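> entry18.cif (mmCIF, C-alpha atoms) pasted underneath:
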```cif
data_query
loop_
_atom_site.label_atom_id
_atom_site.label_comp_id
_atom_site.auth_asym_id
_atom_site.auth_seq_id
_atom_site.Cartn_x
_atom_site.Cartn_y
_atom_site.Cartn_z
CA MET A 122 -10.25 -1.29 13.32
CA GLN A 123 -7.14 -1.78 11.16
CA TYR A 124 -5.65 1.11 9.22
CA LEU A 125 -3.34 0.92 6.22
CA GLU A 126 -1.09 3.87 5.43
CA ILE A 127 -1.44 4.85 1.79
CA ALA A 128 0.21 8.24 1.41
CA LYS A 129 1.87 11.21 3.02
CA ILE A 130 0.95 14.86 2.62
CA ILE A 131 4.27 16.49 1.84
CA ASN A 132 3.23 20.07 1.19
CA THR A 133 0.47 22.47 0.29
CA HIS A 134 -0.12 23.54 -3.31
CA GLY A 135 -1.52 26.91 -4.21
CA LEU A 136 -3.81 29.05 -2.10
CA LEU A 137 -7.08 27.13 -2.40
CA GLY A 138 -6.48 24.33 0.12
CA GLU A 139 -4.92 21.82 -2.23
CA VAL A 140 -2.26 19.47 -0.79
CA LYS A 141 0.56 17.61 -2.51
CA VAL A 142 0.32 13.89 -1.71
CA LEU A 143 3.05 11.29 -2.21
CA CYS A 144 1.50 7.84 -2.48
CA ASN A 145 3.29 4.75 -1.31
CA TYR A 146 2.82 1.46 -3.12
CA TYR A 147 -0.49 0.65 -1.47
CA GLY A 148 -1.87 4.10 -2.18
CA GLN A 149 -0.96 3.89 -5.85
CA ASN A 150 -2.45 0.50 -6.48
CA PHE A 151 -5.17 -0.34 -4.02
CA THR A 152 -7.24 2.74 -3.40
CA LYS A 153 -9.71 4.51 -5.57
CA TRP A 154 -8.55 8.13 -5.47
CA LYS A 155 -11.80 9.84 -6.44
CA SER A 156 -14.27 12.44 -5.27
CA ASN A 157 -16.37 11.62 -2.20
CA GLN A 158 -13.97 8.92 -1.00
CA ILE A 159 -13.17 9.07 2.70
CA VAL A 160 -9.58 8.84 3.89
CA TYR A 161 -8.22 9.44 7.37
CA LEU A 162 -5.53 11.89 8.43
CA LYS A 163 -3.31 10.31 11.06
CA ASN A 164 -2.45 12.84 13.73
CA ASN A 165 -0.45 11.02 16.44
CA ASP A 166 -2.93 8.37 17.64
CA ASP A 167 -5.99 10.22 16.35
CA TYR A 168 -7.63 9.66 12.95
CA GLN A 169 -9.57 12.50 11.34
CA ALA A 170 -11.97 11.58 8.53
CA LEU A 171 -11.52 13.65 5.36
CA THR A 172 -13.69 13.54 2.27
CA ILE A 173 -11.88 14.02 -1.03
CA SER A 174 -13.58 16.67 -3.13
CA LYS A 175 -11.06 16.84 -5.98
CA VAL A 176 -8.01 14.83 -7.02
CA ARG A 177 -5.63 15.22 -9.96
CA GLN A 178 -2.25 13.89 -11.03
CA HIS A 179 0.73 16.26 -11.02
CA LYS A 180 4.15 14.79 -11.92
CA ASN A 181 4.80 11.98 -9.41
CA PHE A 182 2.27 13.33 -6.92
CA LEU A 183 -1.44 13.67 -6.46
CA LEU A 184 -2.95 17.06 -5.76
CA VAL A 185 -5.91 16.58 -3.47
CA THR A 186 -8.54 18.94 -2.15
CA PHE A 187 -10.68 17.92 0.81
CA ALA A 188 -14.27 19.02 1.39
CA THR A 189 -14.55 22.06 3.70
CA TYR A 190 -10.81 22.82 3.38
CA ASN A 191 -10.65 25.54 0.73
CA LYS A 192 -7.87 27.86 1.93
CA ILE A 193 -4.17 27.30 2.46
CA ASP A 194 -4.45 28.26 6.14
CA SER A 195 -6.90 25.43 6.75
CA VAL A 196 -4.54 22.71 5.43
CA LEU A 197 -1.16 23.83 6.79
CA PHE A 198 -1.53 21.53 9.81
CA MET A 199 -1.73 18.52 7.45
CA LYS A 200 1.86 18.90 6.23
CA ASN A 201 4.01 15.80 6.91
CA LYS A 202 1.02 13.80 8.13
CA SER A 203 0.00 10.38 6.81
CA LEU A 204 -3.21 9.45 5.06
CA VAL A 205 -4.66 6.06 5.93
CA ILE A 206 -7.65 3.97 4.97
CA ILE A 207 -9.54 1.25 6.74
CA ASP A 208 -8.06 -1.54 4.68
CA GLU A 209 -11.08 -3.84 4.76
CA GLU A 210 -13.23 -1.13 3.17
CA ASN A 211 -10.96 0.17 0.44
CA LEU A 212 -8.75 -2.54 -0.97
CA SER A 213 -9.66 -4.06 -4.31
CA ASP A 214 -11.12 -7.15 -2.60
CA PRO A 215 -13.14 -5.94 0.40
CA ASN A 216 -12.67 -9.26 2.22
CA PHE A 217 -8.89 -9.29 1.87
CA SER A 218 -6.23 -7.36 3.76
CA PHE A 219 -2.59 -7.37 2.68
CA GLN A 220 -1.64 -8.23 6.25
CA ASN A 221 -3.46 -11.55 5.70
CA LEU A 222 -0.60 -12.63 3.40
CA ILE A 223 1.71 -13.12 6.36
CA GLY A 224 1.92 -16.86 6.92
CA TYR A 225 1.05 -17.76 3.33
CA GLN A 226 3.23 -20.39 1.68
CA ALA A 227 5.34 -19.12 -1.24
CA ILE A 228 5.68 -21.52 -4.19
CA ASN A 229 7.84 -21.19 -7.30
CA ASN A 230 5.44 -21.09 -10.24
CA ALA A 231 7.93 -22.75 -12.63
CA ASP A 232 8.72 -25.95 -10.72
CA LYS A 233 6.10 -25.85 -7.92
CA LYS A 234 8.79 -26.09 -5.21
CA VAL A 235 8.01 -24.57 -1.84
CA LEU A 236 10.19 -21.49 -1.32
CA GLY A 237 9.16 -20.70 2.24
CA GLU A 238 6.67 -18.61 4.14
CA ILE A 239 5.77 -14.95 3.75
CA VAL A 240 6.91 -13.38 7.02
CA ALA A 241 6.62 -9.64 6.36
CA LEU A 242 5.37 -7.01 3.94
CA ILE A 243 7.66 -4.04 3.51
CA ASP A 244 6.51 -0.70 2.12
CA ASN A 245 9.42 1.01 0.39
CA ASN A 246 7.30 3.71 -1.28
CA HIS A 247 7.90 2.20 -4.71
CA THR A 248 6.78 -1.36 -5.34
CA GLY A 249 6.47 -2.90 -1.91
CA LEU A 250 8.34 -6.07 -1.02
CA TRP A 251 7.31 -9.47 0.31
CA GLN A 252 9.83 -11.00 2.69
CA VAL A 253 9.95 -14.78 2.31
CA GLN A 254 11.80 -17.02 4.73
CA ASN A 255 12.72 -20.63 3.94
CA GLN A 256 12.96 -23.51 6.43
CA ALA A 257 16.70 -22.90 6.92
CA GLY A 258 15.96 -19.34 8.05
CA LYS A 259 17.31 -17.62 4.93
CA THR A 260 15.24 -14.73 3.65
CA PHE A 261 14.75 -13.14 0.26
CA TYR A 262 12.57 -10.34 -1.03
CA VAL A 263 10.06 -10.39 -3.85
CA PRO A 264 8.83 -7.13 -5.44
CA ASN A 265 5.08 -6.78 -5.11
CA ASN A 266 4.14 -6.64 -8.78
CA GLN A 267 2.37 -8.78 -11.36
CA PHE A 268 5.58 -10.08 -12.95
CA PHE A 269 6.84 -11.73 -9.76
CA ILE A 270 3.52 -12.57 -8.10
CA THR A 271 1.39 -14.54 -10.51
CA LYS A 272 -1.42 -15.76 -8.28
CA VAL A 273 -2.61 -15.66 -4.68
CA ASP A 274 -4.88 -18.49 -3.60
CA GLN A 275 -6.71 -17.24 -0.52
CA THR A 276 -8.46 -20.54 0.20
CA LYS A 277 -5.22 -22.58 0.24
CA LYS A 278 -3.11 -19.68 1.61
CA ILE A 279 -0.55 -20.00 -1.17
CA ALA A 280 1.23 -17.34 -3.21
CA TYR A 281 2.69 -18.41 -6.57
CA LEU A 282 5.85 -16.53 -7.56
CA ASN A 283 7.85 -16.08 -10.76
CA LEU A 284 11.52 -15.92 -9.87
CA ILE A 285 14.41 -14.75 -11.99
CA SER A 286 17.79 -16.46 -12.07
CA GLY A 287 19.81 -15.79 -8.93
CA MET A 288 16.91 -14.33 -7.00
CA PHE A 289 16.57 -17.24 -4.62
CA ASN A 290 18.68 -20.25 -3.69
CA TYR A 291 16.75 -23.35 -2.56
CA GLU A 292 19.50 -24.60 -0.26
#
```
Transcribe the structure of this file into structure tokens.

Amino acid sequence: MQYLEIAKIINTHGLLGEVKVLCNYYGQNFTKWKSNQIVYLKNNDDYQALTISKVRQHKNFLLVTFATYNKIDSVLFMKNKSLVIIDEENLSDPNFSFQNLIGYQAINNADKKVLGEIVALIDNNHTGLWQVQNQAGKTFYVPNNQFFITKVDQTKKIAYLNLISGMFNYE
């Protein structure tokens, strides 16, 4: 089973078992934060299933309450722990995992030139980055957003990118 980290519980909030959750890029964009959704609390190498009973936005955080955890004492152990999902179940396309992008060919959308191969996906807690390496071994990073990534063709294993001037040098 493959898990994808989506958020970190950074603190408790109030006395009724609510926790303050900081989402990383994947948690903001590829999960459905709603009641009755199951997420997993990563505790060392153990994963504890938690059912979301209530979720609400608060500044740059989510405030989440889990079923059966209704007092502050019951959620203190969750502080500084990660929340993960089984990526095949919860991403927007259930048959697609972000890790599948590694090895895809990156092509410039403007001139259709091959830029290189996607070699890594980096979670920086903001937009996420795709690391692309060309044949000469040079690497560059593409922010994981709709402006830079215009299309992903899963059948051909190609990602089409919009690049801005100076972002990448073909040589």
> Mind running stretch 166-284 of chain A against stretch 129-148 of chain A at 8 Å and telling me each contacting residue's nearest atom pair with the distance in Å (one decimal), counting all atoms listed in the file, chain and number ascending, as CSV?

```
residue,atom,partner,partner_atom,distance
A:Asn181,CA,A:Leu143,CA,7.4
A:Phe182,CA,A:Leu143,CA,5.2
A:Leu183,CA,A:Val142,CA,5.1
A:Leu184,CA,A:Lys141,CA,4.8
A:Val185,CA,A:Val140,CA,5.4
A:Thr186,CA,A:Glu139,CA,4.6
A:Phe187,CA,A:Glu139,CA,7.6
A:Tyr190,CA,A:Gly138,CA,5.6
A:Asn191,CA,A:Gly138,CA,4.4
A:Lys192,CA,A:Gly138,CA,4.2
A:Ile193,CA,A:Gly138,CA,4.4
A:Asp194,CA,A:Gly138,CA,7.5
A:Ser195,CA,A:Gly138,CA,6.7
A:Val196,CA,A:Gly138,CA,5.9
A:Leu197,CA,A:Thr133,CA,6.8
A:Met199,CA,A:Ile130,CA,6.6
A:Lys200,CA,A:Asn132,CA,5.4
A:Asn201,CA,A:Ile131,CA,5.1
A:Lys202,CA,A:Ile130,CA,5.6
A:Ser203,CA,A:Lys129,CA,4.3
A:Leu204,CA,A:Lys129,CA,5.8
A:Asp244,CA,A:Tyr146,CA,6.8
A:Asn245,CA,A:Asn145,CA,7.4
A:Asn246,CA,A:Asn145,CA,4.1
A:His247,CA,A:Tyr146,CA,5.4
A:Thr248,CA,A:Tyr146,CA,5.3
A:Gly249,CA,A:Tyr146,CA,5.8
```
> Need to verify the contact set: A:Gln226, 9 Å, only C-alpha atoms, exclusion of same-chain residues closer than 6 positions in sequence. Can you return it as JSON, numbers by chain?
{"A": [235, 236, 237, 238, 239, 253, 277, 278, 279, 280, 281]}
> For atom CA of A:Gln158 and atom CA of A:Lys180, determine how far apart the two atoms are, in Å to one decimal place.
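Distance between the two atoms: 22.0 Å.
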> To one decimal in Å, tell me the separation between atom CA of A:Ala241 and atom CA of A:Gly287.
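Taking atom CA of A:Ala241 as the start and atom CA of A:Gly287 as the end point, the length is 21.1 Å.
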> Select, from A:Asn255, A:Asn221, A:Thr260, A:Ser286, the residue with the minimum atom-to-atom distance to A:Asp274, counting all atoms listed in the file.
A:Asn221
> Using Å and a single decimal, report how far atom CA of A:Gly224 sits from atom CA of A:Thr276.
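One can read the atom CA of A:Thr276 to atom CA of A:Gly224 distance as 12.9 Å.
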> Pick out the closest residue to A:Leu222 from this set: A:Gln178, A:Gln267, A:Thr172, A:Gln275. Count only C-alpha atoms.
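Result for the nearest residue to A:Leu222: A:Gln275.
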> Any chance you could resolve the PyMOL selection byres ((chain A and resi 170) around 7) against this file and give the residues as a ChimeraX atom specification?
/A:159-162,168-169,171-172
> Give as a list in words the residues that the PyMOL selection byres ((chain A and resi 285) around 12) matches when applied to the coordinates above.
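Applying the expression gives Asn229, Asn230, Ala231, Tyr262, Val263, Pro264, Phe268, Phe269, Ile270, Leu282, Asn283, Leu284, Ser286, Gly287, Met288, Phe289 and Asn290 of chain A.
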> Which residue out of A:Trp154, A:Thr189, A:Val205, A:Trp251 has the minimum interatomic distance to A:Ile127 when only C-alpha atoms are used?
A:Val205
> With the PyMOL selection byres ((chain A and resi 174) around 6) as the selection, what would be picked from this file? Answer as a ChimeraX atom specification, please.
/A:156-157,173,175,186-188
> From the set A:Ala257, A:Val273, A:Ile206, A:Ile243, which residue has the shortest atom-to-atom contact distance to A:Ile228, counting only C-alpha atoms?
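Nearest candidate to A:Ile228 out of A:Ala257, A:Val273, A:Ile206, A:Ile243: A:Val273.
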